[in-house]
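> See upload_22.cif below, with mmCIF, C-alpha atoms.
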```cif
data_start
loop_
_atom_site.group_PDB
_atom_site.id
_atom_site.type_symbol
_atom_site.label_atom_id
_atom_site.label_comp_id
_atom_site.auth_asym_id
_atom_site.auth_seq_id
_atom_site.Cartn_x
_atom_site.Cartn_y
_atom_site.Cartn_z
ATOM 1 C CA MET A 876 151.473 97.375 70.901
ATOM 2 C CA SER A 877 153.954 100.030 72.009
ATOM 3 C CA LEU A 878 153.444 103.152 74.078
ATOM 4 C CA LYS A 879 153.469 105.095 70.820
ATOM 5 C CA ALA A 880 150.445 103.202 69.466
ATOM 6 C CA ILE A 881 148.444 103.405 72.717
ATOM 7 C CA HIS A 882 149.224 107.117 72.949
ATOM 8 C CA ILE A 883 147.729 107.673 69.501
ATOM 9 C CA VAL A 884 144.600 105.785 70.600
ATOM 10 C CA PHE A 885 144.500 107.927 73.756
ATOM 11 C CA ILE A 886 144.817 111.190 71.830
ATOM 12 C CA MET A 887 142.019 110.080 69.497
ATOM 13 C CA ALA A 888 139.808 109.231 72.497
ATOM 14 C CA SER A 889 140.619 112.598 74.103
ATOM 15 C CA THR A 890 139.767 114.416 70.873
ATOM 16 C CA LEU A 891 136.428 112.598 70.693
ATOM 17 C CA LEU A 892 135.754 113.472 74.340
ATOM 18 C CA ALA A 893 136.537 117.146 73.646
ATOM 19 C CA CYS A 894 134.149 117.066 70.640
ATOM 20 C CA GLY A 895 131.411 115.481 72.742
ATOM 21 C CA PHE A 896 131.951 117.839 75.661
ATOM 22 C CA GLY A 897 131.881 120.810 73.270
ATOM 23 C CA GLY A 898 128.593 119.619 71.762
ATOM 24 C CA TRP A 899 127.137 119.018 75.235
ATOM 25 C CA SER A 900 128.183 122.509 76.384
ATOM 26 C CA PHE A 901 126.803 124.286 73.293
ATOM 27 C CA ARG A 902 123.539 122.379 73.618
ATOM 28 C CA ASN A 903 123.284 123.506 77.240
ATOM 29 C CA TYR A 904 124.128 127.096 76.314
ATOM 30 C CA PHE A 905 121.358 127.286 73.730
ATOM 31 C CA SER A 906 118.821 125.726 76.094
ATOM 32 C CA PRO A 907 116.627 128.063 78.247
ATOM 33 C CA ASP A 908 118.872 127.378 81.300
ATOM 34 C CA GLY A 909 122.135 128.191 79.471
ATOM 35 C CA THR A 910 124.855 130.050 81.370
ATOM 36 C CA LYS A 911 128.083 131.853 80.448
ATOM 37 C CA LEU A 912 130.034 128.899 81.812
ATOM 38 C CA ASP A 913 128.473 126.663 79.144
ATOM 39 C CA ILE A 914 129.768 128.852 76.316
ATOM 40 C CA VAL A 915 133.204 129.039 77.996
ATOM 41 C CA PHE A 916 133.284 125.220 78.097
ATOM 42 C CA GLY A 917 132.075 125.007 74.499
ATOM 43 C CA VAL A 918 134.703 127.390 73.114
ATOM 44 C CA SER A 919 137.429 125.785 75.282
ATOM 45 C CA SER A 920 136.487 122.379 73.866
ATOM 46 C CA VAL A 921 136.840 123.654 70.294
ATOM 47 C CA VAL A 922 140.302 125.022 71.233
ATOM 48 C CA ALA A 923 141.151 121.677 72.890
ATOM 49 C CA VAL A 924 140.138 119.729 69.762
ATOM 50 C CA GLY A 925 142.419 121.956 67.647
ATOM 51 C CA ALA A 926 145.294 121.662 70.134
ATOM 52 C CA LEU A 927 144.976 117.864 70.313
ATOM 53 C CA LEU A 928 144.970 117.534 66.525
ATOM 54 C CA VAL A 929 148.060 119.745 66.218
ATOM 55 C CA TYR A 930 149.759 117.802 69.016
ATOM 56 C CA GLY A 931 148.865 114.462 67.391
ATOM 57 C CA ARG A 932 150.523 115.570 64.152
ATOM 58 C CA TYR A 933 153.601 116.797 66.045
ATOM 59 C CA PHE A 934 153.791 113.528 67.978
ATOM 60 C CA LEU A 935 153.641 111.362 64.853
ATOM 61 C CA LYS A 936 156.375 113.461 63.247
ATOM 62 C CA LYS A 937 158.587 113.394 66.354
ATOM 63 C CA LEU A 938 158.348 109.630 66.878
ATOM 64 C CA LYS A 939 158.320 108.512 63.246
ATOM 65 C CA ASN A 940 161.396 106.319 63.793
ATOM 66 C CA ILE A 941 159.884 104.396 66.726
ATOM 67 C CA SER A 942 157.964 101.181 66.056
ATOM 68 C CA TYR A 943 154.232 100.717 66.743
ATOM 69 C CA LEU A 944 154.846 97.220 68.127
ATOM 70 C CA MET B 714 171.484 81.675 84.077
ATOM 71 C CA ASP B 715 170.145 84.702 82.209
ATOM 72 C CA ILE B 716 166.425 85.161 81.766
ATOM 73 C CA PRO B 717 165.706 85.504 78.040
ATOM 74 C CA TYR B 718 163.736 88.356 76.444
ATOM 75 C CA VAL B 719 164.215 90.775 79.338
ATOM 76 C CA VAL B 720 165.356 93.477 76.923
ATOM 77 C CA GLN B 721 165.062 92.153 73.384
ATOM 78 C CA PRO B 722 161.641 91.073 72.102
ATOM 79 C CA ARG B 723 160.838 87.450 71.334
ATOM 80 C CA GLN B 724 160.749 86.920 67.602
ATOM 81 C CA ASP B 725 157.353 85.187 67.474
ATOM 82 C CA THR B 726 155.438 87.609 69.743
ATOM 83 C CA GLY B 727 157.451 90.751 69.056
ATOM 84 C CA LEU B 728 157.247 91.533 72.786
ATOM 85 C CA TYR B 729 159.742 91.530 75.639
ATOM 86 C CA ASN B 730 158.676 89.872 78.902
ATOM 87 C CA ALA B 731 157.530 92.972 80.769
ATOM 88 C CA LYS B 732 155.416 94.208 77.878
ATOM 89 C CA LEU B 733 153.667 90.853 77.564
ATOM 90 C CA GLY B 734 153.100 90.895 81.327
ATOM 91 C CA ILE B 735 151.617 94.389 81.412
ATOM 92 C CA TRP B 736 149.235 93.632 78.524
ATOM 93 C CA LEU B 737 147.981 90.509 80.307
ATOM 94 C CA PHE B 738 147.513 92.580 83.459
ATOM 95 C CA LEU B 739 145.705 95.327 81.536
ATOM 96 C CA ALA B 740 143.393 92.691 80.010
ATOM 97 C CA SER B 741 142.349 91.697 83.549
ATOM 98 C CA GLU B 742 141.874 95.379 84.416
ATOM 99 C CA VAL B 743 139.610 95.865 81.398
ATOM 100 C CA MET B 744 137.429 93.038 82.772
ATOM 101 C CA LEU B 745 137.341 94.636 86.243
ATOM 102 C CA PHE B 746 136.360 98.110 85.054
ATOM 103 C CA GLY B 747 134.168 96.631 82.307
ATOM 104 C CA ALA B 748 132.109 94.783 84.908
ATOM 105 C CA LEU B 749 131.651 97.962 86.960
ATOM 106 C CA PHE B 750 130.748 100.026 83.888
ATOM 107 C CA SER B 751 128.213 97.377 82.864
ATOM 108 C CA SER B 752 126.724 97.449 86.377
ATOM 109 C CA TYR B 753 126.404 101.227 86.159
ATOM 110 C CA ILE B 754 124.677 101.082 82.766
ATOM 111 C CA LEU B 755 122.282 98.315 83.869
ATOM 112 C CA LEU B 756 121.392 100.159 87.085
ATOM 113 C CA ARG B 757 120.870 103.371 85.206
ATOM 114 C CA VAL B 758 118.683 102.020 82.397
ATOM 115 C CA GLY B 759 116.745 100.027 84.996
ATOM 116 C CA ALA B 760 115.962 103.103 87.120
ATOM 117 C CA ALA B 761 112.452 104.525 87.040
ATOM 118 C CA PRO B 762 112.079 107.439 84.573
ATOM 119 C CA GLY B 763 113.280 110.676 86.195
ATOM 120 C CA ALA B 764 114.568 108.883 89.284
ATOM 121 C CA TRP B 765 118.267 108.909 88.367
ATOM 122 C CA PRO B 766 119.985 111.855 90.102
ATOM 123 C CA HIS B 767 121.497 114.664 88.025
ATOM 124 C CA GLY B 768 123.699 117.616 88.858
ATOM 125 C CA LEU B 769 125.307 116.183 91.988
ATOM 126 C CA LEU B 770 128.869 116.541 90.713
ATOM 127 C CA ASN B 771 130.966 119.622 90.063
ATOM 128 C CA ILE B 772 131.585 119.684 86.294
ATOM 129 C CA PRO B 773 134.287 122.442 86.268
ATOM 130 C CA ILE B 774 136.350 120.442 88.782
ATOM 131 C CA GLY B 775 135.860 117.230 86.805
ATOM 132 C CA THR B 776 136.928 119.043 83.637
ATOM 133 C CA VAL B 777 140.108 120.336 85.282
ATOM 134 C CA ASN B 778 140.915 116.817 86.461
ATOM 135 C CA THR B 779 140.400 115.508 82.912
ATOM 136 C CA LEU B 780 142.830 118.116 81.568
ATOM 137 C CA VAL B 781 145.348 117.197 84.276
ATOM 138 C CA LEU B 782 145.238 113.526 83.273
ATOM 139 C CA ILE B 783 145.482 114.256 79.531
ATOM 140 C CA THR B 784 148.542 116.435 80.253
ATOM 141 C CA SER B 785 150.099 113.657 82.329
ATOM 142 C CA SER B 786 149.709 111.199 79.440
ATOM 143 C CA ILE B 787 151.536 113.601 77.152
ATOM 144 C CA THR B 788 154.395 114.079 79.638
ATOM 145 C CA VAL B 789 154.706 110.327 80.300
ATOM 146 C CA VAL B 790 155.100 109.560 76.603
ATOM 147 C CA MET B 791 157.517 112.476 76.166
ATOM 148 C CA ALA B 792 159.605 111.102 79.048
ATOM 149 C CA TRP B 793 159.821 107.737 77.269
ATOM 150 C CA ALA B 794 160.626 109.394 73.919
ATOM 151 C CA SER B 795 163.412 111.380 75.658
ATOM 152 C CA LEU B 796 165.039 108.134 76.819
ATOM 153 C CA LYS B 797 164.728 106.699 73.306
ATOM 154 C CA MET B 798 166.651 109.775 72.133
ATOM 155 C CA ASN B 799 169.227 109.375 74.905
ATOM 156 C CA GLN B 800 168.161 112.560 76.748
ATOM 157 C CA PHE B 801 168.062 111.558 80.411
ATOM 158 C CA GLY B 802 167.750 115.152 81.686
ATOM 159 C CA ARG B 803 164.601 115.741 79.649
ATOM 160 C CA PHE B 804 163.201 112.430 80.904
ATOM 161 C CA LYS B 805 163.607 113.656 84.499
ATOM 162 C CA VAL B 806 161.773 116.907 83.740
ATOM 163 C CA PHE B 807 158.866 115.282 81.877
ATOM 164 C CA GLN B 808 158.417 112.473 84.393
ATOM 165 C CA GLY B 809 158.554 115.029 87.227
ATOM 166 C CA PHE B 810 155.603 116.801 85.596
ATOM 167 C CA THR B 811 153.768 113.474 85.326
ATOM 168 C CA LEU B 812 154.160 112.980 89.061
ATOM 169 C CA LEU B 813 152.939 116.507 89.758
ATOM 170 C CA CYS B 814 149.865 115.881 87.590
ATOM 171 C CA ALA B 815 149.163 112.611 89.437
ATOM 172 C CA LEU B 816 149.348 114.360 92.808
ATOM 173 C CA MET B 817 147.197 117.212 91.542
ATOM 174 C CA PHE B 818 144.564 114.739 90.325
ATOM 175 C CA VAL B 819 144.432 112.959 93.686
ATOM 176 C CA GLY B 820 144.327 116.304 95.528
ATOM 177 C CA ILE B 821 141.395 117.552 93.439
ATOM 178 C CA LYS B 822 139.595 114.217 93.840
ATOM 179 C CA SER B 823 140.061 114.429 97.631
ATOM 180 C CA TYR B 824 138.501 117.905 97.591
ATOM 181 C CA GLU B 825 135.531 116.516 95.637
ATOM 182 C CA TYR B 826 135.118 113.680 98.137
ATOM 183 C CA HIS B 827 135.322 116.098 101.068
ATOM 184 C CA ASP B 828 132.639 118.221 99.432
ATOM 185 C CA LYS B 829 130.350 115.200 99.188
ATOM 186 C CA PHE B 830 130.973 113.994 102.747
ATOM 187 C CA THR B 831 130.129 117.443 104.185
ATOM 188 C CA HIS B 832 127.037 117.822 101.991
ATOM 189 C CA TYR B 833 123.907 116.774 103.920
ATOM 190 C CA GLU B 834 120.278 116.124 103.222
ATOM 191 C CA VAL B 835 118.108 116.813 106.252
ATOM 192 C CA ILE B 836 114.486 115.620 106.293
ATOM 193 C CA LEU B 837 112.395 117.380 108.928
ATOM 194 C CA THR B 838 109.461 115.896 110.827
ATOM 195 C CA ASP B 839 107.051 118.070 108.810
ATOM 196 C CA GLY B 840 108.417 116.596 105.550
ATOM 197 C CA THR B 841 110.544 119.609 104.536
ATOM 198 C CA VAL B 842 113.926 118.787 103.008
ATOM 199 C CA VAL B 843 116.966 120.991 103.725
ATOM 200 C CA ASP B 844 119.938 120.318 101.478
ATOM 201 C CA GLY B 845 123.377 121.862 101.911
ATOM 202 C CA HIS B 846 126.748 121.803 103.596
ATOM 203 C CA LEU B 847 127.032 121.114 107.298
ATOM 204 C CA ILE B 848 128.447 124.073 109.225
ATOM 205 C CA GLU B 849 127.901 122.930 112.813
ATOM 206 C CA ARG B 850 126.450 119.905 114.571
ATOM 207 C CA THR B 851 125.722 119.790 118.326
ATOM 208 C CA LYS B 852 123.413 117.717 120.534
ATOM 209 C CA GLU B 853 120.788 120.483 120.323
ATOM 210 C CA HIS B 854 120.934 121.637 116.710
ATOM 211 C CA VAL B 855 122.581 121.433 113.283
ATOM 212 C CA VAL B 856 123.501 124.373 111.071
ATOM 213 C CA ILE B 857 123.242 123.864 107.305
ATOM 214 C CA HIS B 858 124.348 126.215 104.544
ATOM 215 C CA PRO B 859 121.899 125.524 101.709
ATOM 216 C CA ALA B 860 123.533 125.329 98.296
ATOM 217 C CA ALA B 861 122.275 125.014 94.732
ATOM 218 C CA LYS B 862 123.143 121.726 93.083
ATOM 219 C CA HIS B 863 126.253 121.936 90.915
ATOM 220 C CA GLY B 864 124.365 121.339 87.707
ATOM 221 C CA ALA B 865 121.545 123.717 88.587
ATOM 222 C CA SER B 866 121.856 127.009 86.782
ATOM 223 C CA ASN B 867 118.318 128.139 86.174
ATOM 224 C CA ALA B 868 116.778 131.483 87.017
ATOM 225 C CA ALA B 869 115.304 130.199 90.283
ATOM 226 C CA ASP B 870 118.749 129.253 91.566
ATOM 227 C CA LYS B 871 120.251 132.578 90.541
ATOM 228 C CA SER B 872 117.576 134.579 92.317
ATOM 229 C CA HIS B 873 117.936 132.780 95.649
ATOM 230 C CA GLY B 874 119.573 135.616 97.581
ATOM 231 C CA ASP B 875 118.580 134.976 101.218
ATOM 232 C CA ALA B 876 117.783 131.353 100.429
ATOM 233 C CA HIS B 877 121.535 130.629 100.779
ATOM 234 C CA ALA B 878 121.688 131.984 104.361
ATOM 235 C CA GLU B 879 122.563 129.438 107.030
ATOM 236 C CA VAL B 880 119.679 127.472 108.518
ATOM 237 C CA LYS B 881 119.687 126.429 112.190
ATOM 238 C CA ILE B 882 117.590 123.312 112.786
ATOM 239 C CA PRO B 883 116.772 121.974 116.274
ATOM 240 C CA VAL B 884 117.541 118.236 116.569
ATOM 241 C CA ALA B 885 113.969 117.573 117.777
ATOM 242 C CA GLN B 886 112.668 118.638 114.329
ATOM 243 C CA ILE B 887 114.962 116.284 112.388
ATOM 244 C CA LYS B 888 113.529 113.017 111.112
ATOM 245 C CA LYS B 889 116.568 111.927 109.103
ATOM 246 C CA ILE B 890 119.998 113.385 108.405
ATOM 247 C CA GLU B 891 122.426 111.842 105.933
ATOM 248 C CA ASN B 892 125.434 113.027 103.976
ATOM 249 C CA TYR B 893 126.128 112.421 100.276
ATOM 250 C CA GLY B 894 128.341 109.398 100.902
ATOM 251 C CA PRO B 895 128.106 106.118 98.960
ATOM 252 C CA TRP B 896 125.184 105.037 101.194
ATOM 253 C CA HIS B 897 123.000 107.980 100.096
ATOM 254 C CA ASN B 898 121.773 106.504 96.808
ATOM 255 C CA THR B 899 122.686 104.011 94.060
ATOM 256 C CA TYR B 900 124.272 106.679 91.879
ATOM 257 C CA LEU B 901 126.645 107.838 94.613
ATOM 258 C CA ALA B 902 127.434 104.222 95.540
ATOM 259 C CA ILE B 903 128.655 103.466 92.037
ATOM 260 C CA TYR B 904 130.272 106.909 91.688
ATOM 261 C CA PHE B 905 132.409 106.304 94.782
ATOM 262 C CA THR B 906 133.179 102.701 93.785
ATOM 263 C CA LEU B 907 134.356 103.615 90.283
ATOM 264 C CA THR B 908 136.234 106.804 91.151
ATOM 265 C CA ALA B 909 137.869 105.400 94.305
ATOM 266 C CA LEU B 910 139.072 102.342 92.386
ATOM 267 C CA HIS B 911 140.363 104.642 89.666
ATOM 268 C CA ALA B 912 142.074 106.929 92.216
ATOM 269 C CA LEU B 913 143.776 103.863 93.746
ATOM 270 C CA HIS B 914 145.121 103.036 90.286
ATOM 271 C CA VAL B 915 146.387 106.613 89.930
ATOM 272 C CA LEU B 916 148.141 106.328 93.301
ATOM 273 C CA GLY B 917 149.638 102.938 92.391
ATOM 274 C CA GLY B 918 150.846 104.259 89.047
ATOM 275 C CA ALA B 919 152.296 107.364 90.711
ATOM 276 C CA LEU B 920 154.215 105.156 93.178
ATOM 277 C CA VAL B 921 155.803 103.143 90.352
ATOM 278 C CA ILE B 922 156.528 106.241 88.248
ATOM 279 C CA GLY B 923 157.947 107.962 91.351
ATOM 280 C CA TYR B 924 160.262 105.021 92.065
ATOM 281 C CA LEU B 925 161.499 104.912 88.467
ATOM 282 C CA TRP B 926 161.968 108.689 88.525
ATOM 283 C CA GLY B 927 163.895 108.590 91.809
ATOM 284 C CA PRO B 928 165.945 105.629 93.097
ATOM 285 C CA GLY B 929 165.014 103.339 90.205
ATOM 286 C CA SER B 930 166.582 105.681 87.659
ATOM 287 C CA LYS B 931 170.068 104.443 88.629
ATOM 288 C CA MET B 932 169.473 101.620 86.167
ATOM 289 C CA TRP B 933 169.909 104.111 83.310
ATOM 290 C CA LYS B 934 173.669 104.033 83.972
ATOM 291 C CA THR B 935 173.991 100.231 84.006
ATOM 292 C CA ASP B 936 171.270 98.997 81.632
ATOM 293 C CA PRO B 937 169.685 101.900 79.700
ATOM 294 C CA GLU B 938 167.681 99.743 77.306
ATOM 295 C CA ARG B 939 166.018 97.793 80.100
ATOM 296 C CA PHE B 940 165.311 101.032 81.991
ATOM 297 C CA THR B 941 163.665 102.510 78.877
ATOM 298 C CA ASN B 942 161.485 99.384 78.659
ATOM 299 C CA ARG B 943 160.442 99.841 82.281
ATOM 300 C CA ILE B 944 159.402 103.405 81.528
ATOM 301 C CA GLU B 945 157.407 102.182 78.545
ATOM 302 C CA VAL B 946 155.595 99.587 80.666
ATOM 303 C CA SER B 947 154.751 102.119 83.390
ATOM 304 C CA GLY B 948 153.577 104.473 80.618
ATOM 305 C CA LEU B 949 151.276 101.777 79.218
ATOM 306 C CA PHE B 950 149.668 101.365 82.648
ATOM 307 C CA TRP B 951 149.357 105.137 83.002
ATOM 308 C CA HIS B 952 147.614 105.392 79.634
ATOM 309 C CA PHE B 953 145.159 102.689 80.647
ATOM 310 C CA VAL B 954 144.324 104.596 83.853
ATOM 311 C CA ASP B 955 143.832 107.792 81.845
ATOM 312 C CA LEU B 956 141.670 106.025 79.260
ATOM 313 C CA VAL B 957 139.419 104.751 82.055
ATOM 314 C CA TRP B 958 138.946 108.366 83.191
ATOM 315 C CA ILE B 959 138.150 109.455 79.610
ATOM 316 C CA PHE B 960 135.161 107.075 79.842
ATOM 317 C CA LEU B 961 134.319 107.834 83.484
ATOM 318 C CA PHE B 962 134.113 111.618 83.100
ATOM 319 C CA PRO B 963 131.289 111.825 80.538
ATOM 320 C CA VAL B 964 129.394 108.879 82.003
ATOM 321 C CA LEU B 965 129.397 110.097 85.608
ATOM 322 C CA TYR B 966 129.546 113.879 85.234
ATOM 323 C CA LEU B 967 127.760 114.776 82.009
ATOM 324 C CA LEU B 968 125.142 112.199 81.039
#
```
Turn the structure described in the file into structure tokens.

Amino acid sequence: MSLKAIHIVFIMASTLLACGFGGWSFRNYFSPDGTKLDIVFGVSSVVAVGALLVYGRYFLKKLKNISYL
Amino acid sequence: MDIPYVVQPRQDTGLYNAKLGIWLFLASEVMLFGALFSSYILLRVGAAPGAWPHGLLNIPIGTVNTLVLITSSITVVMAWASLKMNQFGRFKVFQGFTLLCALMFVGIKSYEYHDKFTHYEVILTDGTVVDGHLIERTKEHVVIHPAAKHGASNAADKSHGDAHAEVKIPVAQIKKIENYGPWHNTYLAIYFTLTALHALHVLGGALVIGYLWGPGSKMWKTDPERFTNRIEVSGLFWHFVDLVWIFLFPVLYLL
């Protein structure tokens, strides 16, 4: 498995983490103890998910000639 | 005698020597971190209900460190891709950023550790507990600056006001004083074990990446293909270290 393949796995894991962190932050925000920081984290996570997906697409396009092995 | 498969992959495995070596090494690393993760999960599910500590860590700082490591993974792969495209100058820039990210991560982690080692729990002879950062410690007294826990954000914490003023405690009134080091409780013991081991891996990776960025980069002139393979192998290790953090962050900071 090449660096290209492990990087795709890493970006997928990071995207999942951003989704989870976003969900965790929104849940905290809508709880009775919610703070402004929770909503900042939640919105930032949504932005991060979008950015990671766009980056993943760019990466696959840029390295299309490099093997996965 | 030339060593075979130093640059070109073996036909049956599809791997060159260094790549096979790093994957075997990473397999052993998975077992090491896997054992520690399993220990954490078993200790946690075995704890009495409500006994497991929450809110001891600073989530904004942990989040910044996560972003730093994700960025470093992107720059490390871009550095490798630059070499594949014969752009040595771009490799230097990207790998320089990777090194900066590694140093930033270790710096932020050191700050977190310092925060924990200066954070004290003081139990007084009358049973009262004072929790906060140590300001001064003499033979006669200790001065503590009480602080809300990082995860605490409820109305009671916001309305503290004077509750955050420094507290001077005579030594005669202290029954027990202990900082938030690994000896404080099981959670902190495993937190320090996992994160210190991870930070050592970051430092080790940064040393290798730094060598290949600096003096080791001379190989690009004599054997560019082999140098590119070395960068790929160091990048594989770096991705493993970053993946470990992707698991560590939610487990230790959020859940």
> With a cut-off of 9 Å and counting only C-alpha atoms, select all residues of chain B in contact with chain A and give the selection as an mmCIF file with C-alpha atoms, in the frame of the given file.

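The result, stored in part.cif:
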```
data_model
loop_
_atom_site.group_PDB
_atom_site.id
_atom_site.type_symbol
_atom_site.label_atom_id
_atom_site.label_comp_id
_atom_site.auth_asym_id
_atom_site.auth_seq_id
_atom_site.Cartn_x
_atom_site.Cartn_y
_atom_site.Cartn_z
ATOM 1 C CA GLY B 727 157.451 90.751 69.056
ATOM 2 C CA LEU B 728 157.247 91.533 72.786
ATOM 3 C CA LYS B 732 155.416 94.208 77.878
ATOM 4 C CA TRP B 736 149.235 93.632 78.524
ATOM 5 C CA PRO B 773 134.287 122.442 86.268
ATOM 6 C CA ILE B 783 145.482 114.256 79.531
ATOM 7 C CA SER B 786 149.709 111.199 79.440
ATOM 8 C CA ILE B 787 151.536 113.601 77.152
ATOM 9 C CA VAL B 790 155.100 109.560 76.603
ATOM 10 C CA TRP B 793 159.821 107.737 77.269
ATOM 11 C CA ALA B 794 160.626 109.394 73.919
ATOM 12 C CA LYS B 797 164.728 106.699 73.306
ATOM 13 C CA ALA B 865 121.545 123.717 88.587
ATOM 14 C CA SER B 866 121.856 127.009 86.782
ATOM 15 C CA ASN B 867 118.318 128.139 86.174
ATOM 16 C CA ALA B 868 116.778 131.483 87.017
ATOM 17 C CA GLU B 945 157.407 102.182 78.545
ATOM 18 C CA VAL B 946 155.595 99.587 80.666
ATOM 19 C CA GLY B 948 153.577 104.473 80.618
ATOM 20 C CA LEU B 949 151.276 101.777 79.218
ATOM 21 C CA HIS B 952 147.614 105.392 79.634
ATOM 22 C CA PHE B 953 145.159 102.689 80.647
ATOM 23 C CA ASP B 955 143.832 107.792 81.845
ATOM 24 C CA LEU B 956 141.670 106.025 79.260
ATOM 25 C CA ILE B 959 138.150 109.455 79.610
ATOM 26 C CA PHE B 960 135.161 107.075 79.842
ATOM 27 C CA PRO B 963 131.289 111.825 80.538
ATOM 28 C CA LEU B 967 127.760 114.776 82.009
#
```
> Taking every listed atom of stretch 885-900 of chain A and adding 8 Å to each side, what centre and edge lengths in Å (one decimal) does the axis-aligned box have, as lines of an AutoDock Vina configuration file?

```
center_x = 136.0
center_y = 115.2
center_z = 72.9
size_x = 33.7
size_y = 30.6
size_z = 22.9
```
> If I put a ball of radius 10 Å at (162.1, 100.5, 82.4) in the file's coordinates, which residues poke into it when counting only C-alpha atoms, written as an mmCIF file with C-alpha atoms, in the coordinates of the input?

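Result went into part.cif, see below:
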```cif
data_model
loop_
_atom_site.group_PDB
_atom_site.id
_atom_site.type_symbol
_atom_site.label_atom_id
_atom_site.label_comp_id
_atom_site.auth_asym_id
_atom_site.auth_seq_id
_atom_site.Cartn_x
_atom_site.Cartn_y
_atom_site.Cartn_z
ATOM 1 C CA VAL B 720 165.356 93.477 76.923
ATOM 2 C CA ALA B 731 157.530 92.972 80.769
ATOM 3 C CA TRP B 793 159.821 107.737 77.269
ATOM 4 C CA LEU B 796 165.039 108.134 76.819
ATOM 5 C CA ILE B 922 156.528 106.241 88.248
ATOM 6 C CA LEU B 925 161.499 104.912 88.467
ATOM 7 C CA GLY B 929 165.014 103.339 90.205
ATOM 8 C CA SER B 930 166.582 105.681 87.659
ATOM 9 C CA MET B 932 169.473 101.620 86.167
ATOM 10 C CA TRP B 933 169.909 104.111 83.310
ATOM 11 C CA ASP B 936 171.270 98.997 81.632
ATOM 12 C CA PRO B 937 169.685 101.900 79.700
ATOM 13 C CA GLU B 938 167.681 99.743 77.306
ATOM 14 C CA ARG B 939 166.018 97.793 80.100
ATOM 15 C CA PHE B 940 165.311 101.032 81.991
ATOM 16 C CA THR B 941 163.665 102.510 78.877
ATOM 17 C CA ASN B 942 161.485 99.384 78.659
ATOM 18 C CA ARG B 943 160.442 99.841 82.281
ATOM 19 C CA ILE B 944 159.402 103.405 81.528
ATOM 20 C CA GLU B 945 157.407 102.182 78.545
ATOM 21 C CA VAL B 946 155.595 99.587 80.666
ATOM 22 C CA SER B 947 154.751 102.119 83.390
ATOM 23 C CA GLY B 948 153.577 104.473 80.618
#
```
> Any idea what the distance is between atom CA of B:Gly809 and atom CA of B:Val921?
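Separation of atom CA of B:Gly809 and atom CA of B:Val921: 12.6 Å.
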> One decimal, Å: what's the distance from atom CA of B:Ile848 over to atom CA of B:Met817, could you say?
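If I compute the distance from atom CA of B:Ile848 to atom CA of B:Met817, I get 26.7 Å.
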> Restricting the calculation to all atoms listed in the file, which member of A:Tyr933, A:Phe901, A:Tyr943, A:Ala926 is positioned closest to B:Thr784?
A:Ala926
> Please compute the atom CA of B:Ile716-atom CA of B:Asn730 distance, one decimal, in Å.
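Between atom CA of B:Ile716 and atom CA of B:Asn730 the gap works out to 9.5 Å.
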> Go through the shown structure with the PyMOL selection byres ((chain B and resi 852) around 12) and write out the matching residues as a count of residues only.
12
> For stretch 878-880 of chain B, list every protein, DNA or RNA residue within 7 Å, evaluated using all atoms listed in the file, and leave out those in the same chain fewer than 6 positions away; present the list as a list in words.
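Everything that qualifies: Val856, Ile857, His858 and Pro859 of chain B.
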> Rank A:Ile883, A:Thr890, A:Ile914, A:Arg902 by their smallest atom-to-atom distance to A:Leu928, using only C-alpha atoms, and report the top residue only.
A:Thr890
> What's around B:Tyr904 at 10 Å? Count all atoms listed in the file, leave out sequence neighbours fewer than 2 positions away in its own chain, and write the answer as a list in words.
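Contacts, in chain order: Tyr753, Leu770, Gly894, Pro895, Asn898, Thr899, Tyr900, Leu901, Ala902, Thr906, Leu907, Thr908, Ala909, Leu910, Leu961, Val964, Leu965 and Tyr966 of chain B.
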> Determine, counting only C-alpha atoms, every residue of protein, DNA or RNA that lies within 9 Å of (159.5, 113.0, 80.2) in the file coordinates, then give the result as number ranges by chain.
B: 787-796, 801-811
